[in-house]
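This is target14.cif (mmCIF, C-alpha atoms, pLDDT in the B column; chains and numbers go by the auth columns).
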```cif
data_structure
loop_
_atom_site.group_PDB
_atom_site.id
_atom_site.type_symbol
_atom_site.label_atom_id
_atom_site.label_comp_id
_atom_site.label_asym_id
_atom_site.label_seq_id
_atom_site.Cartn_x
_atom_site.Cartn_y
_atom_site.Cartn_z
_atom_site.B_iso_or_equiv
_atom_site.auth_seq_id
_atom_site.auth_asym_id
ATOM 1 C CA MET A 1 0.000 0.000 0.000 96.00 1 A
ATOM 2 C CA LYS A 2 0.989 3.621 -0.436 97.00 2 A
ATOM 3 C CA ILE A 3 0.600 6.729 1.651 97.00 3 A
ATOM 4 C CA GLY A 4 -0.938 9.811 0.093 97.00 4 A
ATOM 5 C CA ARG A 5 -2.732 13.065 0.779 97.00 5 A
ATOM 6 C CA VAL A 6 -6.186 13.842 -0.617 97.00 6 A
ATOM 7 C CA VAL A 7 -5.830 16.964 -2.765 97.00 7 A
ATOM 8 C CA GLY A 8 -8.697 16.800 -5.232 97.00 8 A
ATOM 9 C CA THR A 9 -11.543 14.968 -6.906 97.00 9 A
ATOM 10 C CA VAL A 10 -12.302 13.936 -10.462 97.00 10 A
ATOM 11 C CA VAL A 11 -15.798 14.722 -11.704 97.00 11 A
ATOM 12 C CA SER A 12 -16.909 12.251 -14.337 96.00 12 A
ATOM 13 C CA THR A 13 -20.221 11.236 -15.880 95.00 13 A
ATOM 14 C CA ILE A 14 -18.988 8.882 -18.594 96.00 14 A
ATOM 15 C CA ASN A 15 -17.047 6.045 -17.017 97.00 15 A
ATOM 16 C CA SER A 16 -16.812 2.304 -16.612 96.00 16 A
ATOM 17 C CA PRO A 17 -19.870 1.091 -14.656 96.00 17 A
ATOM 18 C CA VAL A 18 -17.753 0.134 -11.632 96.00 18 A
ATOM 19 C CA PHE A 19 -17.161 3.849 -10.941 97.00 19 A
ATOM 20 C CA ASP A 20 -20.854 4.777 -10.895 96.00 20 A
ATOM 21 C CA ASN A 21 -21.725 6.565 -7.628 95.00 21 A
ATOM 22 C CA ARG A 22 -18.170 6.266 -6.354 97.00 22 A
ATOM 23 C CA LYS A 23 -15.996 9.206 -5.390 97.00 23 A
ATOM 24 C CA LEU A 24 -12.685 9.531 -7.198 97.00 24 A
ATOM 25 C CA LEU A 25 -9.972 11.184 -5.130 98.00 25 A
ATOM 26 C CA VAL A 26 -6.793 12.736 -6.483 98.00 26 A
ATOM 27 C CA CYS A 27 -4.063 11.839 -3.984 98.00 27 A
ATOM 28 C CA ASP A 28 -0.511 13.149 -3.918 97.00 28 A
ATOM 29 C CA LEU A 29 1.838 10.329 -2.975 98.00 29 A
ATOM 30 C CA LEU A 30 3.945 10.961 0.111 97.00 30 A
ATOM 31 C CA GLY A 31 7.436 9.740 0.887 95.00 31 A
ATOM 32 C CA THR A 32 8.638 8.449 4.244 93.00 32 A
ATOM 33 C CA ASP A 33 9.520 12.062 5.131 93.00 33 A
ATOM 34 C CA GLY A 34 5.861 13.003 4.738 93.00 34 A
ATOM 35 C CA ALA A 35 6.585 15.225 1.723 95.00 35 A
ATOM 36 C CA ALA A 36 4.926 14.845 -1.670 96.00 36 A
ATOM 37 C CA THR A 37 7.036 12.764 -4.045 96.00 37 A
ATOM 38 C CA GLY A 38 5.618 14.438 -7.155 94.00 38 A
ATOM 39 C CA GLY A 39 3.587 11.384 -8.100 96.00 39 A
ATOM 40 C CA TYR A 40 -0.156 11.008 -7.653 97.00 40 A
ATOM 41 C CA LEU A 41 -2.949 8.487 -8.026 98.00 41 A
ATOM 42 C CA ILE A 42 -6.620 8.746 -8.784 98.00 42 A
ATOM 43 C CA ALA A 43 -8.159 6.364 -6.269 98.00 43 A
ATOM 44 C CA VAL A 44 -11.700 5.281 -5.461 98.00 44 A
ATOM 45 C CA ASP A 45 -12.811 6.356 -2.000 97.00 45 A
ATOM 46 C CA ALA A 46 -13.821 3.389 0.176 96.00 46 A
ATOM 47 C CA ILE A 47 -13.902 5.109 3.568 96.00 47 A
ATOM 48 C CA ASP A 48 -15.245 8.643 3.014 95.00 48 A
ATOM 49 C CA ALA A 49 -11.867 10.371 3.276 96.00 49 A
ATOM 50 C CA GLY A 50 -11.799 14.156 3.332 91.00 50 A
ATOM 51 C CA ALA A 51 -9.753 16.967 1.861 94.00 51 A
ATOM 52 C CA GLY A 52 -6.167 17.220 3.100 94.00 52 A
ATOM 53 C CA GLU A 53 -6.267 13.912 4.943 95.00 53 A
ATOM 54 C CA VAL A 54 -3.311 11.557 4.879 96.00 54 A
ATOM 55 C CA VAL A 55 -4.599 8.250 3.604 97.00 55 A
ATOM 56 C CA LEU A 56 -3.628 4.667 2.956 97.00 56 A
ATOM 57 C CA ILE A 57 -3.963 3.738 -0.699 98.00 57 A
ATOM 58 C CA LEU A 58 -4.307 0.195 -1.960 97.00 58 A
ATOM 59 C CA ASP A 59 -2.903 -0.050 -5.496 96.00 59 A
ATOM 60 C CA GLU A 60 -3.708 -3.627 -6.394 96.00 60 A
ATOM 61 C CA GLY A 61 -6.591 -4.868 -8.466 95.00 61 A
ATOM 62 C CA ASN A 62 -7.662 -8.080 -6.768 95.00 62 A
ATOM 63 C CA GLY A 63 -8.067 -6.417 -3.389 96.00 63 A
ATOM 64 C CA ALA A 64 -9.888 -3.484 -4.952 96.00 64 A
ATOM 65 C CA ARG A 65 -12.326 -5.755 -6.789 96.00 65 A
ATOM 66 C CA GLN A 66 -12.979 -7.620 -3.572 96.00 66 A
ATOM 67 C CA ILE A 67 -13.916 -4.328 -1.879 96.00 67 A
ATOM 68 C CA VAL A 68 -16.322 -3.229 -4.615 96.00 68 A
ATOM 69 C CA GLY A 69 -17.670 -6.764 -5.020 96.00 69 A
ATOM 70 C CA GLU A 70 -17.377 -6.743 -8.807 95.00 70 A
ATOM 71 C CA ASP A 71 -15.201 -8.991 -10.916 93.00 71 A
ATOM 72 C CA PRO A 72 -14.083 -8.326 -13.574 95.00 72 A
ATOM 73 C CA ALA A 73 -13.810 -4.564 -13.092 96.00 73 A
ATOM 74 C CA PRO A 74 -11.064 -2.181 -14.280 97.00 74 A
ATOM 75 C CA ILE A 75 -10.310 -0.866 -10.810 97.00 75 A
ATOM 76 C CA ARG A 76 -6.978 -0.844 -8.987 97.00 76 A
ATOM 77 C CA ALA A 77 -6.374 2.110 -6.664 97.00 77 A
ATOM 78 C CA MET A 78 -8.577 2.598 -3.596 98.00 78 A
ATOM 79 C CA VAL A 79 -8.352 4.765 -0.513 98.00 79 A
ATOM 80 C CA VAL A 80 -8.730 2.243 2.302 97.00 80 A
ATOM 81 C CA GLY A 81 -7.593 4.043 5.449 96.00 81 A
ATOM 82 C CA ILE A 82 -6.919 7.359 7.132 96.00 82 A
ATOM 83 C CA VAL A 83 -3.445 7.658 8.622 95.00 83 A
ATOM 84 C CA ASP A 84 -3.418 9.081 12.145 94.00 84 A
ATOM 85 C CA GLU A 85 0.229 8.645 12.838 94.00 85 A
ATOM 86 C CA LEU A 86 3.348 7.682 10.899 94.00 86 A
ATOM 87 C CA MET A 87 6.662 6.883 12.557 93.00 87 A
ATOM 88 C CA VAL A 88 9.855 6.319 10.569 94.00 88 A
ATOM 89 C CA ASP A 89 13.097 5.324 12.294 92.00 89 A
ATOM 90 C CA GLY A 90 11.515 6.259 15.612 92.00 90 A
ATOM 91 C CA ASP A 91 10.647 9.790 14.473 92.00 91 A
ATOM 92 C CA PRO A 92 7.066 10.959 14.044 93.00 92 A
ATOM 93 C CA VAL A 93 6.450 11.964 10.421 93.00 93 A
ATOM 94 C CA ILE A 94 2.692 12.358 10.670 91.00 94 A
ATOM 95 C CA THR A 95 1.160 12.916 14.086 90.00 95 A
ATOM 96 C CA ALA A 96 -2.482 12.696 15.083 79.00 96 A
ATOM 97 C CA GLY A 97 -4.403 15.867 14.330 65.00 97 A
ATOM 98 C CA MET A 98 -1.859 17.113 11.794 53.00 98 A
ATOM 99 C CA MET B 1 -5.352 5.647 -12.232 96.00 1 B
ATOM 100 C CA GLN B 2 -3.814 8.687 -13.872 97.00 2 B
ATOM 101 C CA LEU B 3 -5.127 11.603 -15.857 98.00 3 B
ATOM 102 C CA GLY B 4 -4.428 11.717 -19.559 98.00 4 B
ATOM 103 C CA ARG B 5 -5.218 13.683 -22.681 97.00 5 B
ATOM 104 C CA VAL B 6 -6.260 11.827 -25.825 97.00 6 B
ATOM 105 C CA ILE B 7 -3.925 13.106 -28.537 97.00 7 B
ATOM 106 C CA GLY B 8 -4.462 10.617 -31.332 96.00 8 B
ATOM 107 C CA THR B 9 -5.949 7.438 -32.689 96.00 9 B
ATOM 108 C CA VAL B 10 -4.411 4.155 -33.795 96.00 10 B
ATOM 109 C CA VAL B 11 -5.731 1.960 -36.567 95.00 11 B
ATOM 110 C CA ALA B 12 -4.588 -1.663 -36.614 93.00 12 B
ATOM 111 C CA THR B 13 -6.305 -4.238 -38.786 92.00 13 B
ATOM 112 C CA VAL B 14 -4.279 -7.255 -37.737 93.00 14 B
ATOM 113 C CA LYS B 15 -4.784 -7.732 -34.016 91.00 15 B
ATOM 114 C CA TYR B 16 -4.690 -10.546 -31.498 92.00 16 B
ATOM 115 C CA GLU B 17 -8.042 -12.296 -31.204 91.00 17 B
ATOM 116 C CA GLY B 18 -10.350 -10.563 -28.769 90.00 18 B
ATOM 117 C CA LEU B 19 -9.103 -7.111 -29.723 92.00 19 B
ATOM 118 C CA GLU B 20 -11.410 -6.793 -32.735 91.00 20 B
ATOM 119 C CA GLY B 21 -13.580 -3.708 -32.488 91.00 21 B
ATOM 120 C CA ILE B 22 -11.550 -2.209 -29.657 94.00 22 B
ATOM 121 C CA LYS B 23 -10.755 1.451 -30.285 95.00 23 B
ATOM 122 C CA LEU B 24 -7.123 2.318 -29.655 96.00 24 B
ATOM 123 C CA LEU B 25 -6.151 5.860 -28.707 97.00 25 B
ATOM 124 C CA ILE B 26 -2.879 7.639 -28.042 97.00 26 B
ATOM 125 C CA VAL B 27 -2.974 9.081 -24.545 98.00 27 B
ATOM 126 C CA GLN B 28 -0.510 11.582 -23.132 98.00 28 B
ATOM 127 C CA PRO B 29 -0.262 10.995 -19.361 98.00 29 B
ATOM 128 C CA LEU B 30 -0.696 14.172 -17.306 98.00 30 B
ATOM 129 C CA ASP B 31 0.366 15.217 -13.830 96.00 31 B
ATOM 130 C CA ARG B 32 -2.375 16.369 -11.483 92.00 32 B
ATOM 131 C CA HIS B 33 -2.070 19.925 -12.756 94.00 33 B
ATOM 132 C CA GLN B 34 -2.874 18.540 -16.194 96.00 34 B
ATOM 133 C CA GLU B 35 0.635 19.144 -17.536 97.00 35 B
ATOM 134 C CA PRO B 36 2.129 16.421 -19.791 97.00 36 B
ATOM 135 C CA GLU B 37 4.254 13.951 -17.889 96.00 37 B
ATOM 136 C CA GLY B 38 6.149 11.066 -19.481 96.00 38 B
ATOM 137 C CA ARG B 39 5.667 9.439 -22.837 97.00 39 B
ATOM 138 C CA PRO B 40 2.351 8.877 -24.608 97.00 40 B
ATOM 139 C CA VAL B 41 0.883 5.387 -24.446 97.00 41 B
ATOM 140 C CA VAL B 42 -1.557 3.457 -26.606 97.00 42 B
ATOM 141 C CA ALA B 43 -4.686 2.810 -24.572 97.00 43 B
ATOM 142 C CA ALA B 44 -7.852 0.891 -25.341 97.00 44 B
ATOM 143 C CA ASP B 45 -11.044 2.911 -25.037 97.00 45 B
ATOM 144 C CA GLY B 46 -13.007 1.256 -22.255 96.00 46 B
ATOM 145 C CA VAL B 47 -15.837 3.810 -22.355 96.00 47 B
ATOM 146 C CA HIS B 48 -16.395 3.724 -26.145 94.00 48 B
ATOM 147 C CA MET B 49 -16.860 7.493 -26.143 93.00 49 B
ATOM 148 C CA ALA B 50 -13.400 9.007 -25.717 93.00 50 B
ATOM 149 C CA GLY B 51 -11.949 11.013 -28.569 92.00 51 B
ATOM 150 C CA PRO B 52 -9.032 13.284 -29.407 95.00 52 B
ATOM 151 C CA GLY B 53 -8.664 16.321 -27.132 96.00 53 B
ATOM 152 C CA GLU B 54 -10.570 14.797 -24.250 97.00 54 B
ATOM 153 C CA LEU B 55 -9.383 14.721 -20.644 98.00 55 B
ATOM 154 C CA VAL B 56 -9.640 11.138 -19.437 98.00 56 B
ATOM 155 C CA TYR B 57 -8.456 8.881 -16.681 98.00 57 B
ATOM 156 C CA PHE B 58 -6.942 5.529 -17.434 98.00 58 B
ATOM 157 C CA VAL B 59 -5.885 2.407 -15.632 97.00 59 B
ATOM 158 C CA GLY B 60 -2.703 0.464 -16.295 95.00 60 B
ATOM 159 C CA SER B 61 -1.489 -3.131 -16.007 92.00 61 B
ATOM 160 C CA ARG B 62 -3.729 -6.202 -15.744 93.00 62 B
ATOM 161 C CA GLU B 63 -6.757 -4.140 -14.753 95.00 63 B
ATOM 162 C CA ALA B 64 -6.814 -2.449 -18.173 96.00 64 B
ATOM 163 C CA ALA B 65 -8.222 -5.506 -19.950 96.00 65 B
ATOM 164 C CA GLN B 66 -11.056 -5.663 -17.435 96.00 66 B
ATOM 165 C CA ALA B 67 -12.454 -2.455 -18.882 96.00 67 B
ATOM 166 C CA LEU B 68 -13.209 -4.288 -22.123 95.00 68 B
ATOM 167 C CA PRO B 69 -16.011 -6.690 -23.092 92.00 69 B
ATOM 168 C CA GLU B 70 -13.508 -9.541 -23.438 92.00 70 B
ATOM 169 C CA THR B 71 -11.407 -9.368 -20.277 92.00 71 B
ATOM 170 C CA PHE B 72 -8.622 -11.775 -21.139 92.00 72 B
ATOM 171 C CA VAL B 73 -6.987 -9.740 -23.882 94.00 73 B
ATOM 172 C CA PRO B 74 -3.476 -8.313 -24.292 95.00 74 B
ATOM 173 C CA VAL B 75 -4.067 -4.682 -23.298 95.00 75 B
ATOM 174 C CA ASP B 76 -1.924 -2.761 -20.802 96.00 76 B
ATOM 175 C CA HIS B 77 -3.666 0.625 -20.616 97.00 77 B
ATOM 176 C CA ALA B 78 -7.365 1.401 -20.870 97.00 78 B
ATOM 177 C CA ILE B 79 -9.396 4.571 -20.587 98.00 79 B
ATOM 178 C CA VAL B 80 -12.021 3.986 -17.897 97.00 80 B
ATOM 179 C CA GLY B 81 -13.590 7.435 -17.655 97.00 81 B
ATOM 180 C CA ILE B 82 -13.894 10.878 -19.201 97.00 82 B
ATOM 181 C CA ALA B 83 -13.054 13.608 -16.690 97.00 83 B
ATOM 182 C CA ASP B 84 -15.492 16.537 -16.806 97.00 84 B
ATOM 183 C CA ALA B 85 -13.403 18.404 -14.236 96.00 85 B
ATOM 184 C CA VAL B 86 -10.606 17.911 -11.768 96.00 86 B
ATOM 185 C CA GLU B 87 -11.387 19.895 -8.635 95.00 87 B
ATOM 186 C CA GLU B 88 -8.823 20.852 -6.040 92.00 88 B
ATOM 187 C CA LEU B 89 -9.886 20.215 -2.463 91.00 89 B
ATOM 188 C CA ASN B 90 -8.777 22.551 0.277 85.00 90 B
ATOM 189 C CA PRO B 91 -8.788 21.216 3.835 81.00 91 B
ATOM 190 C CA GLY B 92 -11.642 22.725 5.777 69.00 92 B
ATOM 191 C CA GLY B 93 -12.708 24.984 2.944 59.00 93 B
ATOM 192 C CA GLY B 94 -14.606 22.538 0.783 49.00 94 B
ATOM 193 C CA SER B 95 -13.737 22.418 -2.905 47.00 95 B
#
```

Do you think you could lay out the structure here as structure tokens?
Amino acid sequence: MKIGRVVGTVVSTINSPVFDNRKLLVCDLLGTDGAATGGYLIAVDAIDAGAGEVVLILDEGNGARQIVGEDPAPIRAMVVGIVDELMVDGDPVITAGM
Amino acid sequence: MQLGRVIGTVVATVKYEGLEGIKLLIVQPLDRHQEPEGRPVVAADGVHMAGPGELVYFVGSREAAQALPETFVPVDHAIVGIADAVEELNPGGGS
């Protein structure tokens, strides 16, 4: 899984059926220092994540299809958790309430 | 998934079985500010409605084929949606 920050949404009316009524979040990917790496993912929201939140992103199709309960479906990236705290080498990178 | 801009079309008459009737488009991957990033790829049109100039989002790897009617086909990128807008979200301030 990857760690990212919710920075936007994609508005779309024409899409594969699996995305109907699902929120697409634009997430900047974060490195272990908590800074944006420059990469991003468009991920389906599975947990009602909000703007600016640090999230856990699953980027694997089988798990994603299991969550949405559809197979086959062209879905891979999903936001599956909200990160409260991140420690790297004993140092807090993300702390609760940040 | 990533954002992309459709910049061209591909016509191929000889294709692996299962790919008949699949529209192939050239897609320039974009960063989240919609600036070109990396090299264009050939992507199958999984929504049957994408065309040149359109802002789309596409999926890569094994999942790409699952956007198509026949899901066990050799396709590595597929357009799975047309983006009407990409909205920035500001913490606490809504969109």

Interface residues on chain B facing chain A, 6 Å, only C-alpha atoms, written as a PyMOL selection string: chain B and resi 1-2+47+63-64+66-67+80-91

What is the atom CA of A:Asp84 to atom CA of B:Asp31 distance in Å?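 About the pair atom CA of A:Asp84 and atom CA of B:Asp31: they are 27.0 Å apart.
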
Could you work out how far atom CA of B:Ser61 lies from atom CA of B:Val73, giving the answer in Å with one decimal? 11.7 Å

Atom pair atom CA of A:Leu30 / atom CA of A:Lys2: separation (Å): 7.9 Å

Given the file shown, enumerate the residues that the PyMOL selection byres ((chain A and resi 48) around 10) captures and present them as JSON, numbers by chain. {"A": [23, 44, 45, 46, 47, 49, 50, 79, 80, 81, 82]}

Here is a test: counting all atoms listed in the file, which residue of B:Pro40, B:Gly8, B:Gly51, B:Gly18 is nearest to B:Leu68? B:Gly18

Minimum-distance residue to B:Pro52, chosen among B:Val27, B:Leu3, B:Ala78, B:Ala65 (using all atoms listed in the file):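 Comparing B:Val27, B:Leu3, B:Ala78, B:Ala65 against B:Pro52, the winner is B:Val27.
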
Please tell me which residues are no farther than 8 Å from (-0.1, 8.1, -25.5) in the file, counting all atoms listed in the file, and write them as a CSV table (one decimal) with C-alpha atoms, in the coordinates of the input.
```csv
chain,number,residue,atom,x,y,z
B,6,VAL,CA,-6.3,11.8,-25.8
B,7,ILE,CA,-3.9,13.1,-28.5
B,8,GLY,CA,-4.5,10.6,-31.3
B,25,LEU,CA,-6.2,5.9,-28.7
B,26,ILE,CA,-2.9,7.6,-28.0
B,27,VAL,CA,-3.0,9.1,-24.5
B,28,GLN,CA,-0.5,11.6,-23.1
B,29,PRO,CA,-0.3,11.0,-19.4
B,39,ARG,CA,5.7,9.4,-22.8
B,40,PRO,CA,2.4,8.9,-24.6
B,41,VAL,CA,0.9,5.4,-24.4
B,42,VAL,CA,-1.6,3.5,-26.6
B,43,ALA,CA,-4.7,2.8,-24.6
```

Name the residues that the PyMOL selection byres ((chain A and resi 93) around 12) picks from the file above, as a tab-separated table (two decimals) with C-alpha atoms, in the frame of the given file, using the file's chain letters and numbers.
```tsv
chain	number	residue	atom	x	y	z
A	3	ILE	CA	0.60	6.73	1.65
A	30	LEU	CA	3.94	10.96	0.11
A	31	GLY	CA	7.44	9.74	0.89
A	32	THR	CA	8.64	8.45	4.24
A	33	ASP	CA	9.52	12.06	5.13
A	34	GLY	CA	5.86	13.00	4.74
A	35	ALA	CA	6.58	15.22	1.72
A	54	VAL	CA	-3.31	11.56	4.88
A	83	VAL	CA	-3.44	7.66	8.62
A	84	ASP	CA	-3.42	9.08	12.14
A	85	GLU	CA	0.23	8.64	12.84
A	86	LEU	CA	3.35	7.68	10.90
A	87	MET	CA	6.66	6.88	12.56
A	88	VAL	CA	9.86	6.32	10.57
A	89	ASP	CA	13.10	5.32	12.29
A	90	GLY	CA	11.52	6.26	15.61
A	91	ASP	CA	10.65	9.79	14.47
A	92	PRO	CA	7.07	10.96	14.04
A	94	ILE	CA	2.69	12.36	10.67
A	95	THR	CA	1.16	12.92	14.09
A	96	ALA	CA	-2.48	12.70	15.08
A	98	MET	CA	-1.86	17.11	11.79
```
